[in-house]
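Just below is one structure, and these are the notes that go with it.
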Amino acid sequence: MKPFWKQGNKRRLLRALRLFTVSVGTTAVCMLLSLSFLKLDSPPTALEASVFNGGKEFSAQKEESAPAAASTASPGEVIPLGTVFGIKLFTDGVIVASLSDIYTETGVCCPAAEAGIEPGDYLLQANGQDIPDNTALARAIGQSGGEPITFQVRREQEIFETQVTPVFGEGSFKTGMWVRDSAAGIGTLTFYDPASGLFAGLGHGICDMDTSGVMALKSGEPAPITLSGIVKGEENSPGQLRGYFSSDQPLGSLLQNKDTGVYGTLDNPPEGETVEILPREEIHCGPVQLLVTLDESGPQPYDAEILQILDLEQKTKNLVVQVTDPRLLQATGGIVQGMSGCPLLQDGKLAGAVTHVFTEDPTTGYGICAQTMWEESQICSVSK
């Protein structure tokens with residue numbers, strides 16, 4: 001059987017991110033923003049210089065590898081994918097994205113801020129009732145009549161209660177909170193593990209666009225996507241794959257949204273040849289193959305190169321990767337939004353996945369070690 005990335009895949013797929021933001025009053029107002037599941041970073045203007053970037057200093061001239069992290073398990077064999085897929089995610093509670101002042105007859109105030117609520121907090125309950133979504137929160141505030149509401153709030157690992165007293169302004173009761181309960185978008189599947197029955201994708205977490213925190217997953221699903229076009233990347237103007245959700249029928253279930261990627265199950269597991277995962281300490285600078293989906297033909301291999309190996313002890317941003325294939329450069333300009341999770345194959349093994357694009361040089365970006373994603377998937381396998 002041909003490897004999965006060489007098979008003709010008639011399911012056309014794509015990527016574009018949608019986030020829903022709600023201003024909570026007696027009614028919910030929704031804004032739709034189009035983003036994408038690929039992290040953007042401003043790289044050094046010239047890779048030859050040693051630059052402080054993303055909390056790590058590196059020089060593209062340095063050839064030796066960083067010290068290898070100790071492996072907690074022996075990586076198994078997986079099926080490399082490179083298939084574009086859609087993601088629908090619903091949060092565990094609603095996220096406070098931002099706070100704003102409310103103009104009332106007696107002055108300007110922000111009840112939520114006065115109660116100690118901060119952007120990035122998750123609202124779990126209102127007066128003892130669960131808050132599953134923005135609508136439930138809007139209802140609780142609208143029906144309060146201006147009486148204090150006791151909120152159960154989660155901030156990182158801490159859960160506490162605080163009272164917020166809504167005020168009447170601009171025709172309804174308000175608290176000054178802008179909240180979000182879901183996200184949707186497009187990314188790329190990295191691998192499927194036949195042993196655990198789990199997939200891994202993106203190589204980075206789905207983060208809230210305002211707070212930058214990884215969104216707490218209550219439920220979610222991978223979904224089929226149809227590609228409709230490509231915006232070519234240019235200097236200081238990242239490109240993107242364009243498309244739309246092509247069916248309401250999910251492909252499976254999301255189990256985890258972590259800083260190393262998204263993990264879940266597929267109703268129809270892919271077939272294909274398995275490959276070994278390249279241990280972190282064996283990854284080296286040099287040629288790699290990048291599996292990318294650009295149209296209905298499915299994942300195709302393109303030439304790329306690992307320019308540098310960074311800190312292997314951190315979970316993300318382990319590799320600096322550059323696209324070298326003239327075909328991919330002609331089609332996309334390099335790494336574009338929608339390619340998060342594209343597998344990197346080196347020496348016939350799965351070495352990692354693309355996760356970021358450098359805005360000043362779209363041919364180049366960061367990658368994550370495949371072993372890290374595999375280890376995270378094993379934790380999901382135990383807990384599923």
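Every chain in the structure tokens takes a letter, A first, then B, and so on in the order presented; its residues are numbered from 1, and the ligands are numbered from 1 following the presented order.
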
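The residues of region 67-277 of chain A that DSSP assigns to alpha helix (DSSP H) on this backbone come out as Pro111, Ala112, Ala113, Glu114, Asn134, Thr135, Ala136, Leu137, Ala138, Arg139, Ala140, Ile141 and Gly142 of chain A.
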
Kindly provide the residues of region 168-285 of chain A that approach region 113-133 of chain A to within 12 Å, each paired with its closest atom pair and their distance in Å to one decimal, based on only C-alpha atoms, listed by chain and increasing number, as a tab-separated table.
```
residue	atom	partner	partner_atom	distance
A:Thr175	CA	A:Ala113	CA	8.7
A:Gly176	CA	A:Ala113	CA	7.8
A:Met177	CA	A:Ala113	CA	8.5
A:Trp178	CA	A:Pro119	CA	8.9
A:Val179	CA	A:Pro119	CA	9.0
A:Arg180	CA	A:Asp133	CA	8.1
A:Asp181	CA	A:Asp133	CA	5.6
A:Ser182	CA	A:Asp133	CA	8.4
A:Cys207	CA	A:Gly120	CA	10.7
A:Asp208	CA	A:Gly120	CA	8.4
A:Met209	CA	A:Gly120	CA	10.5
A:Asp210	CA	A:Pro119	CA	8.3
A:Thr211	CA	A:Gly120	CA	5.6
A:Ser212	CA	A:Gly120	CA	8.4
A:Gly213	CA	A:Gly120	CA	7.0
A:Val214	CA	A:Gly120	CA	9.6
A:Met215	CA	A:Gly120	CA	9.3
A:Ala216	CA	A:Tyr122	CA	8.7
A:Leu217	CA	A:Tyr122	CA	11.5
A:Lys218	CA	A:Pro132	CA	9.2
A:Ser219	CA	A:Pro132	CA	10.9
```

Output as a Markdown table one row per residue of region 201-259 of chain A within 9 Å of region 275-298 of chain A: the closest atom pair and its distance in Å to one decimal place, counting only C-alpha atoms, sorted by chain and residue number ascending.
```
| residue | atom | partner | partner_atom | distance |
| --- | --- | --- | --- | --- |
| A:Thr226 | CA | A:Glu296 | CA | 8.3 |
| A:Leu227 | CA | A:Asp295 | CA | 6.3 |
| A:Ser228 | CA | A:Asp295 | CA | 8.3 |
| A:Gly229 | CA | A:Leu294 | CA | 8.4 |
| A:Ile230 | CA | A:Leu294 | CA | 7.9 |
| A:Leu241 | CA | A:Leu294 | CA | 7.6 |
```

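The interatomic distance for the pair CA of Leu266 (chain A) and CA of His204 (chain A) works out to 19.3 Å.
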
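Closest approach to His356 (chain A) from the set A:Ile306, A:Leu344, A:Cys369, A:Leu202 is made by A:Leu202, with distances taken over only C-alpha atoms.
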
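CA of Asn236 (chain A) is positioned 4.8 Å from CA of Thr359 (chain A).
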
Requested in this report: May I have the residues within 7 Å of Leu198 (chain A) as a list of chain:residue names, using only C-alpha atoms and disregarding those fewer than 4 positions away in the same chain?
Outcome: A:Tyr192, A:Asp193, A:Tyr263, A:Gly264, A:Thr265
